[in-house]
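For reference, the structure discussed in these notes is given below.
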Amino acid sequence: MIEVQDLYKTFEGKEAIKNINCKFEDGIINMVIGSSGSGKTVLLKCIVGLLQPDKGRVLYGGQNFTSMNYFAKKQLRKEIGMLFQGSALFNSQTVYENIAFPLIMHSAMTKAEISKRIDYCLDRVNLDRKVAKLFPQELSGGMQKRVGIARAISNHPKYLFYDEPNSGLDPKTSRVIDALIKEIALEMKTTTIVNSHDMTSVFDIADRVFFIHDGNKWWEGSPNEIDHSKNTELLQMMTAAGRHEEKF
Amino acid sequence: MLLFYHIGKFILLLQSAFGKPDNHRILLQRTFREMNVIGIESLGIVFMVSLFMGMVLTLEIAYQLVSAWVPDTAIGEIVSDTSMLELSPTITCLVLAGRVGSNIAAELGNMKISEQIDAMNVMGINAPSYLIMPKIVASIIVIPMLIIISIALSIVGGMFIGHLTGYCSAFDFLQGAQFTFKTFTLIFSLIKAFTFAFIISSVSSYQGFNVKGGAIEVGRASTKAVVHSSIFILFFDYLLAQLLL
């Protein structure tokens with residue numbers, strides 16, 4: 001379980017997130033939603049340690065990640081997999097090298113074992129094994145996302161993060177990626193956090209929803225409870241996505 | 001204050017870059033790859049610059065010095081000494097700052113804005129060590145080699161044009177070059193080469209690694225890498241001459 005306690009982050013005097021408290025349960029899909037600029041990416045970056053929060057702490061299975069030293073953080077990060085908004089694939093490396101990267105850097109696996117693991121990861125994300133020889137720039141956006149997911153799961157992570165997994169994708173491919181996220185979360189029993197503003201994804205795959213607005217956590221609950229929430233901002237977001245009739 | 005901020009940040013980046021590597025075998029592989037990119041791929045431009053530098057230097061010295069009172073070996077003496085002391089290390093490194101420095105800054109800058117460096121950090125990989133250390137180590141190894149090649153080519157170019165134009169024979173030119181040769185001159189040249197190699201790779205890496213924004217900022221970082229490296233090269237050129245000669 002990942003727990004966020006009283007998290008604050010400020011940029012040049014402007015509070016990007018303030019007093020965020022969340023518990024992200026294991027084995028389910030926790031979805032952080034909010035409009036652009038609401039602070040959800042800042043929250044995710046604070047959770048994975050790409051940003052140091054000004055106040056508050058992040059606990060991974062009860063361990064305080066925020067105050068850990070460099071080596072302890074490094075150890076914990078070996079259990080983290082993340083899909084970035086733009087996939088963040090290494091464009092000077094082939095798909096094979098991209099997926100093998102965490103394995104080569106962190107494990108003592110042989111070349112044959114790495115190859116086997118890469119084949120498994122490519123199969124898992126429904127990509128042809130021939131893709132392994134290609135460079136990321138030779139792939140479509142959807143395929144790049146799948147390679148990003150394959151790289152994220154290659155090292156058997158305990159924690160999986162997805163930052164806007166559907167951004168830049170057509171609706172059909174978005175649903176394919178959503179289905180993949182759901183399958184992997186169920187199969188690997190990881191603690192999964194997905195950042196999104198796609199309301200279709202929320203209803204398709206989320207088990208628990210955290211609504212962030214203006215740097216604050218405004219609402220938390222299951223997708224079924226959203227319609228009954230009294231939160232105007234959340235209902236407006238639903239209306240804009242065509243998932244809710246305007247009643248206010 | 002801003003200067004101290006950048007100096008501090010630069011030192012911290014170097015400290016991370018020279019921290020314990022995650023995988024020694026990969027580091028070695030990457031260093032060889034960088035040696036190819038920085039060294040072998042720069043051979044062409046170093047060849048051209050050095051050859052023409054020696055040729056022009058010979059013609060200009062001949063224009064000023066050739067008379068019945070000056071021995072024919074003088075051109076060779078001056079061309080070889082000037083090439084070793086100043087022109088080959090400084091001019092070649094200024095050219096390399098343009099070629100190698102901008103390449104390093106653009107590569108790292110692009111990785112930064114496309115979140116590739118963040119991806120490494122999330123995986124628990126020391127990104128400065130993985131990306132920057134091989135570039136600095138490779139530069140320190142191959143740039144002095146390029147400088148030695150540059151000195152040789154500059155002398156060859158000078159000798160060739162001196163002989164072709166009839167200002168001095170190849171024999172006189174070489175005799176002059178050998179007559180004034182001091183081992184310390186070559187050592188001084190190599191000290192400069194090591195210093196400039198470190199400046200080019202580290203300053204450019206710093207610029208690339210700290211890009212914020214988009215493609216325009218990557219372009220700016222490349223320009224800054226070249227400008228700052230060139231300024232530091234010229235400053236240390238003066239400092240080393242003042243301290244060691």
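Chain lettering (A, B, ...) mirrors the order of the structure tokens, residue numbering begins at 1 for each chain separately, and ligand numbering begins at 1 in order of display.
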**OP:** With a cut-off of 9 Å and counting only C-alpha atoms, select all residues of chain A in contact with chain B and give the selection as a PyMOL selection string.
**Re:** chain A and resi 48-50+73-91+102+104-106+152
Include C-alpha atoms and write out the residues we just selected as an mmCIF file, in the first residue's frame.
data_model
loop_
_atom_site.group_PDB
_atom_site.id
_atom_site.type_symbol
_atom_site.label_atom_id
_atom_site.label_comp_id
_atom_site.auth_asym_id
_atom_site.auth_seq_id
_atom_site.Cartn_x
_atom_site.Cartn_y
_atom_site.Cartn_z
ATOM 1 C CA VAL A 48 7.787 8.413 -7.138
ATOM 2 C CA GLY A 49 10.419 10.819 -5.787
ATOM 3 C CA LEU A 50 11.042 12.876 -8.918
ATOM 4 C CA LYS A 73 15.453 4.959 -2.209
ATOM 5 C CA LYS A 74 17.454 3.303 -4.975
ATOM 6 C CA GLN A 75 16.636 -0.124 -3.550
ATOM 7 C CA LEU A 76 12.924 0.668 -3.352
ATOM 8 C CA ARG A 77 12.893 2.123 -6.859
ATOM 9 C CA LYS A 78 13.890 -1.275 -8.227
ATOM 10 C CA GLU A 79 10.335 -2.298 -7.310
ATOM 11 C CA ILE A 80 8.759 0.604 -9.191
ATOM 12 C CA GLY A 81 7.600 0.611 -12.803
ATOM 13 C CA MET A 82 6.277 3.714 -14.514
ATOM 14 C CA LEU A 83 4.722 4.605 -17.834
ATOM 15 C CA PHE A 84 5.307 8.264 -18.646
ATOM 16 C CA GLN A 85 2.931 10.523 -20.535
ATOM 17 C CA GLY A 86 5.161 10.569 -23.620
ATOM 18 C CA SER A 87 6.294 6.962 -23.025
ATOM 19 C CA ALA A 88 9.882 8.209 -22.330
ATOM 20 C CA LEU A 89 11.452 5.386 -24.310
ATOM 21 C CA PHE A 90 15.207 5.703 -24.907
ATOM 22 C CA ASN A 91 15.237 6.675 -28.578
ATOM 23 C CA PRO A 102 16.094 -2.298 -16.013
ATOM 24 C CA ILE A 104 20.578 -5.348 -17.286
ATOM 25 C CA MET A 105 21.105 -2.557 -14.779
ATOM 26 C CA HIS A 106 19.586 -4.233 -11.736
ATOM 27 C CA ALA A 152 7.642 -0.941 -16.658
#
Original post:
Which residues, written as a list in words, have at least one atom at most 10 Å from Asn64 (chain A), with only C-alpha atoms counted and residues fewer than 5 positions away on the same chain left out?
Top reply: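 Contacts, with the query itself left out: Ile2, Glu3, Val4, Arg57, Val58, Leu59 and Lys73 of chain A.
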Subject >> Within 8 Å of Asp72 (chain B) using only C-alpha atoms, minus same-chain residues under 6 positions, as a list in words >> reply: Val66, Tyr167, Cys168, Ser169, Asp172 and Phe173 of chain B
For the selection you just gave me, I'd like the residues written to a file as a short mmCIF file (atom, residue, chain, number, x, y, z; two decimals), in the first residue's frame, keeping N, CA and C atoms.
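Once everything was written out, this is out_24.cif:
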data_model
loop_
_atom_site.label_atom_id
_atom_site.label_comp_id
_atom_site.auth_asym_id
_atom_site.auth_seq_id
_atom_site.Cartn_x
_atom_site.Cartn_y
_atom_site.Cartn_z
N VAL B 66 60.74 35.63 -44.25
CA VAL B 66 61.71 35.17 -45.25
C VAL B 66 62.57 36.34 -45.75
N TYR B 167 59.28 28.38 -50.13
CA TYR B 167 59.80 29.19 -49.02
C TYR B 167 60.88 28.44 -48.24
N CYS B 168 60.68 27.16 -48.04
CA CYS B 168 61.73 26.35 -47.39
C CYS B 168 61.55 24.90 -47.83
N SER B 169 62.63 24.17 -47.87
CA SER B 169 62.53 22.77 -48.29
C SER B 169 61.96 21.94 -47.15
N ASP B 172 64.65 21.36 -44.55
CA ASP B 172 64.89 22.51 -43.66
C ASP B 172 63.76 22.65 -42.64
N PHE B 173 62.56 22.47 -43.14
CA PHE B 173 61.38 22.60 -42.26
C PHE B 173 61.47 21.59 -41.11
#
Original post:
Which residue, A:Arg175, A:Lys116, A:His213, A:Lys9, has the smallest gap to Thr200 (chain A) when you use only C-alpha atoms?
Top reply: A:Arg175
Subject >> Residue nearest Leu240 (chain B) - candidates B:Ser129, B:Ser102, B:Thr195, B:Thr92, atoms counted: only C-alpha atoms >> reply: B:Thr195
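CA of Pro53 (chain A) lies 23.9 Å from CA of Pro165 (chain A).
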**OP:** Work out how far CA of Val202 (chain A) is from CA of Asp227 (chain A), in Å to one decimal.
**Re:**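 Taking CA of Asp227 (chain A) and CA of Val202 (chain A), their separation equals 12.4 Å.
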**OP:** Write out as a PyMOL selection string all residues of region 62-198 of chain B that DSSP puts in helix (DSSP H, G or I) for this structure's backbone.
**Re:** chain B and resi 62-65+74-113+116-122+127-165+170-179+183-198
Once you have the residues from the selection above, write them out as a tab-separated table (two decimals), in the first residue's frame, restricted to C-alpha atoms.
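Final file, out_27.tsv:
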chain	number	residue	atom	x	y	z
B	62	ALA	CA	57.10	33.14	-44.54
B	63	TYR	CA	55.43	36.45	-45.48
B	64	GLN	CA	56.87	38.08	-42.36
B	65	LEU	CA	60.23	36.34	-41.99
B	74	ALA	CA	63.05	29.26	-38.87
B	75	ILE	CA	59.67	28.51	-40.46
B	76	GLY	CA	59.75	24.90	-39.25
B	77	GLU	CA	60.82	26.01	-35.75
B	78	ILE	CA	58.00	28.52	-35.39
B	79	VAL	CA	55.27	26.40	-37.01
B	80	SER	CA	55.99	23.32	-34.85
B	81	ASP	CA	56.31	25.28	-31.60
B	82	THR	CA	53.20	27.40	-32.26
B	83	SER	CA	51.21	24.32	-33.24
B	84	MET	CA	52.18	22.49	-30.07
B	85	LEU	CA	51.93	25.39	-27.66
B	86	GLU	CA	48.83	27.10	-28.86
B	87	LEU	CA	47.14	26.42	-32.14
B	88	SER	CA	46.54	22.68	-32.09
B	89	PRO	CA	45.21	22.38	-28.54
B	90	THR	CA	43.27	25.64	-28.48
B	91	ILE	CA	41.87	25.93	-32.01
B	92	THR	CA	41.10	22.21	-32.24
B	93	CYS	CA	39.35	22.25	-28.87
B	94	LEU	CA	37.35	25.34	-29.84
B	95	VAL	CA	36.23	23.46	-32.96
B	96	LEU	CA	35.48	20.37	-30.85
B	97	ALA	CA	33.47	22.52	-28.43
B	98	GLY	CA	31.24	23.30	-31.42
B	99	ARG	CA	31.01	19.74	-32.69
B	100	VAL	CA	31.15	17.60	-29.53
B	101	GLY	CA	29.80	20.14	-27.02
B	102	SER	CA	26.65	20.97	-28.95
B	103	ASN	CA	26.09	17.27	-29.61
B	104	ILE	CA	26.34	16.38	-25.90
B	105	ALA	CA	24.06	19.26	-24.83
B	106	ALA	CA	21.45	18.46	-27.49
B	107	GLU	CA	21.45	14.74	-26.70
B	108	LEU	CA	21.06	15.23	-22.93
B	109	GLY	CA	18.62	18.11	-23.39
B	110	ASN	CA	16.38	16.00	-25.59
B	111	MET	CA	16.49	13.16	-23.08
B	112	LYS	CA	15.57	15.63	-20.34
B	113	ILE	CA	12.55	17.16	-22.07
B	116	GLN	CA	13.99	9.82	-20.46
B	117	ILE	CA	16.19	11.02	-17.60
B	118	ASP	CA	13.19	10.96	-15.24
B	119	ALA	CA	12.49	7.39	-16.39
B	120	MET	CA	16.03	6.41	-15.38
B	121	ASN	CA	15.65	8.08	-11.99
B	122	VAL	CA	12.37	6.27	-11.35
B	127	ALA	CA	21.41	9.01	-14.56
B	128	PRO	CA	24.43	11.37	-14.31
B	129	SER	CA	26.74	8.39	-13.81
B	130	TYR	CA	25.16	6.44	-16.66
B	131	LEU	CA	25.01	9.37	-19.09
B	132	ILE	CA	27.70	11.88	-18.14
B	133	MET	CA	30.63	9.88	-16.74
B	134	PRO	CA	31.27	7.94	-20.00
B	135	LYS	CA	31.25	11.22	-21.95
B	136	ILE	CA	33.79	12.89	-19.65
B	137	VAL	CA	36.06	9.82	-19.44
B	138	ALA	CA	35.89	9.28	-23.21
B	139	SER	CA	36.68	12.96	-23.88
B	140	ILE	CA	39.68	12.91	-21.54
B	141	ILE	CA	41.03	9.85	-23.34
B	142	VAL	CA	40.39	10.73	-26.98
B	143	ILE	CA	40.74	14.51	-27.16
B	144	PRO	CA	44.48	14.46	-26.20
B	145	MET	CA	44.92	11.81	-28.92
B	146	LEU	CA	43.19	14.11	-31.40
B	147	ILE	CA	45.48	16.94	-30.33
B	148	ILE	CA	48.58	14.82	-31.01
B	149	ILE	CA	47.18	13.97	-34.45
B	150	SER	CA	46.41	17.66	-34.96
B	151	ILE	CA	50.00	18.69	-34.12
B	152	ALA	CA	51.39	16.13	-36.54
B	153	LEU	CA	49.01	17.17	-39.32
B	154	SER	CA	49.68	20.85	-38.75
B	155	ILE	CA	53.42	20.25	-39.13
B	156	VAL	CA	52.85	18.08	-42.20
B	157	GLY	CA	50.59	20.75	-43.74
B	158	GLY	CA	53.16	23.46	-43.04
B	159	MET	CA	56.00	21.38	-44.46
B	160	PHE	CA	53.99	20.53	-47.57
B	161	ILE	CA	53.02	24.12	-48.39
B	162	GLY	CA	56.50	25.47	-47.51
B	163	HIS	CA	58.02	23.02	-49.97
B	164	LEU	CA	55.36	23.63	-52.62
B	165	THR	CA	55.71	27.42	-52.54
B	170	ALA	CA	60.90	19.89	-46.46
B	171	PHE	CA	64.33	18.99	-45.07
B	172	ASP	CA	64.89	22.51	-43.66
B	173	PHE	CA	61.38	22.60	-42.26
B	174	LEU	CA	61.81	19.29	-40.41
B	175	GLN	CA	65.26	20.21	-39.22
B	176	GLY	CA	63.87	23.44	-37.75
B	177	ALA	CA	61.00	21.54	-36.09
B	178	GLN	CA	63.42	19.04	-34.53
B	179	PHE	CA	65.96	21.67	-33.51
B	183	THR	CA	59.49	17.49	-24.38
B	184	PHE	CA	57.89	19.99	-22.01
B	185	THR	CA	56.21	21.76	-24.94
B	186	LEU	CA	54.41	18.53	-25.80
B	187	ILE	CA	53.56	17.88	-22.13
B	188	PHE	CA	52.16	21.41	-21.85
B	189	SER	CA	50.09	20.78	-24.94
B	190	LEU	CA	48.71	17.57	-23.45
B	191	ILE	CA	47.93	19.27	-20.11
B	192	LYS	CA	45.90	21.79	-22.11
B	193	ALA	CA	44.21	18.99	-24.04
B	194	PHE	CA	43.16	17.16	-20.83
B	195	THR	CA	41.86	20.40	-19.29
B	196	PHE	CA	39.95	21.44	-22.41
B	197	ALA	CA	38.52	17.92	-22.85
B	198	PHE	CA	37.13	18.04	-19.32
**OP:** Just give me the gap between CA of Leu103 (chain A) and CA of Leu28 (chain B) in Å, one decimal is fine.
**Re:**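 It comes out at 17.5 Å.
Across A:Arg208, A:Lys111, A:His197, A:Lys23, the tightest approach to Ser222 (chain A) is made by A:Arg208 when counting only C-alpha atoms.
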Can you pull out the residues contacting Lys145 (chain A)? Cut-off 12 Å, using only C-alpha atoms, and skip same-chain residues under 4 positions away; I want them as a tab-separated table (two decimals) with N, CA and C atoms, in the first residue's frame.
chain	number	residue	atom	x	y	z
A	82	MET	N	7.10	2.54	-14.19
A	82	MET	CA	6.28	3.71	-14.51
A	82	MET	C	6.16	3.92	-16.02
A	83	LEU	N	4.95	4.22	-16.44
A	83	LEU	CA	4.72	4.61	-17.83
A	83	LEU	C	4.53	6.12	-17.85
A	84	PHE	N	5.40	6.81	-18.59
A	84	PHE	CA	5.31	8.26	-18.65
A	84	PHE	C	4.32	8.71	-19.73
A	85	GLN	N	3.91	9.97	-19.60
A	85	GLN	CA	2.93	10.52	-20.54
A	85	GLN	C	3.38	10.37	-22.00
A	86	GLY	N	4.65	10.69	-22.25
A	86	GLY	CA	5.16	10.57	-23.62
A	86	GLY	C	5.91	9.26	-23.84
A	87	SER	N	5.66	8.29	-23.03
A	87	SER	CA	6.29	6.96	-23.03
A	87	SER	C	7.74	6.98	-22.50
A	88	ALA	N	8.49	8.06	-22.81
A	88	ALA	CA	9.88	8.21	-22.33
A	88	ALA	C	10.76	7.01	-22.67
A	89	LEU	N	10.58	6.49	-23.88
A	89	LEU	CA	11.45	5.39	-24.31
A	89	LEU	C	12.80	5.98	-24.74
A	95	VAL	N	13.69	-1.44	-29.16
A	95	VAL	CA	12.64	-1.86	-28.22
A	95	VAL	C	13.21	-2.92	-27.26
A	122	LEU	N	6.69	-8.68	-24.15
A	122	LEU	CA	6.11	-8.28	-25.44
A	122	LEU	C	4.79	-9.02	-25.67
A	125	VAL	N	1.96	-7.52	-23.55
A	125	VAL	CA	1.34	-6.27	-24.01
A	125	VAL	C	0.84	-6.39	-25.45
A	126	ASN	N	0.72	-7.66	-25.91
A	126	ASN	CA	0.18	-7.97	-27.24
A	126	ASN	C	0.97	-7.31	-28.38
A	127	LEU	N	2.29	-7.37	-28.27
A	127	LEU	CA	3.12	-6.86	-29.36
A	127	LEU	C	3.86	-8.02	-30.02
A	136	PRO	N	12.11	3.13	-31.12
A	136	PRO	CA	10.82	3.71	-30.72
A	136	PRO	C	10.21	4.64	-31.75
A	137	GLN	N	11.06	5.40	-32.46
A	137	GLN	CA	10.51	6.36	-33.43
A	137	GLN	C	9.89	5.67	-34.65
A	139	LEU	N	7.72	3.29	-34.26
A	139	LEU	CA	6.45	2.73	-33.78
A	139	LEU	C	5.36	3.79	-33.71
A	140	SER	N	4.11	3.33	-33.73
A	140	SER	CA	2.98	4.26	-33.55
A	140	SER	C	2.88	4.64	-32.07
A	141	GLY	N	2.07	5.68	-31.77
A	141	GLY	CA	1.91	6.13	-30.39
A	141	GLY	C	1.43	5.02	-29.46
A	149	ILE	N	4.86	0.13	-21.24
A	149	ILE	CA	4.27	-0.75	-20.21
A	149	ILE	C	5.15	-2.01	-20.08
A	150	ALA	N	5.60	-2.54	-21.22
A	150	ALA	CA	6.45	-3.74	-21.18
A	150	ALA	C	7.72	-3.45	-20.37
A	151	ARG	N	8.31	-2.26	-20.58
A	151	ARG	CA	9.52	-1.90	-19.83
A	151	ARG	C	9.20	-1.75	-18.35
A	152	ALA	N	8.02	-1.16	-18.06
A	152	ALA	CA	7.64	-0.94	-16.66
A	152	ALA	C	7.44	-2.26	-15.91
A	162	TYR	N	1.12	5.04	-13.85
A	162	TYR	CA	0.84	5.42	-15.24
A	162	TYR	C	0.48	6.90	-15.24
A	163	ASP	N	1.26	7.69	-15.97
A	163	ASP	CA	0.94	9.12	-16.07
A	163	ASP	C	0.25	9.37	-17.41
A	164	GLU	N	-1.02	9.71	-17.37
A	164	GLU	CA	-1.82	9.96	-18.57
A	164	GLU	C	-1.56	8.90	-19.65
A	165	PRO	N	-1.90	7.65	-19.38
A	165	PRO	CA	-1.58	6.59	-20.36
A	165	PRO	C	-2.30	6.74	-21.69
A	166	ASN	N	-3.41	7.50	-21.71
A	166	ASN	CA	-4.19	7.61	-22.95
A	166	ASN	C	-3.92	8.90	-23.72
A	167	SER	N	-3.03	9.72	-23.22
A	167	SER	CA	-2.84	11.01	-23.90
A	167	SER	C	-2.25	10.80	-25.29
A	168	GLY	N	-2.80	11.50	-26.25
A	168	GLY	CA	-2.31	11.41	-27.63
A	168	GLY	C	-2.78	10.17	-28.38
A	169	LEU	N	-3.67	9.39	-27.78
A	169	LEU	CA	-4.13	8.17	-28.45
A	169	LEU	C	-5.58	8.33	-28.90
A	173	THR	N	-7.62	2.94	-29.37
A	173	THR	CA	-6.34	2.52	-28.77
A	173	THR	C	-6.35	2.79	-27.27
A	174	SER	N	-7.01	3.87	-26.86
A	174	SER	CA	-7.10	4.18	-25.43
A	174	SER	C	-7.74	3.04	-24.67
A	176	VAL	N	-7.78	-0.07	-25.56
A	176	VAL	CA	-6.86	-1.21	-25.56
A	176	VAL	C	-5.85	-1.05	-24.41
A	177	ILE	N	-5.33	0.17	-24.27
A	177	ILE	CA	-4.34	0.43	-23.20
A	177	ILE	C	-5.02	0.26	-21.84
A	178	ASP	N	-6.25	0.78	-21.72
A	178	ASP	CA	-7.00	0.62	-20.46
A	178	ASP	C	-7.14	-0.85	-20.08
A	180	LEU	N	-5.33	-3.28	-20.97
A	180	LEU	CA	-4.00	-3.82	-20.61
A	180	LEU	C	-3.64	-3.46	-19.16
A	181	ILE	N	-3.92	-2.22	-18.79
A	181	ILE	CA	-3.62	-1.77	-17.42
A	181	ILE	C	-4.41	-2.63	-16.42
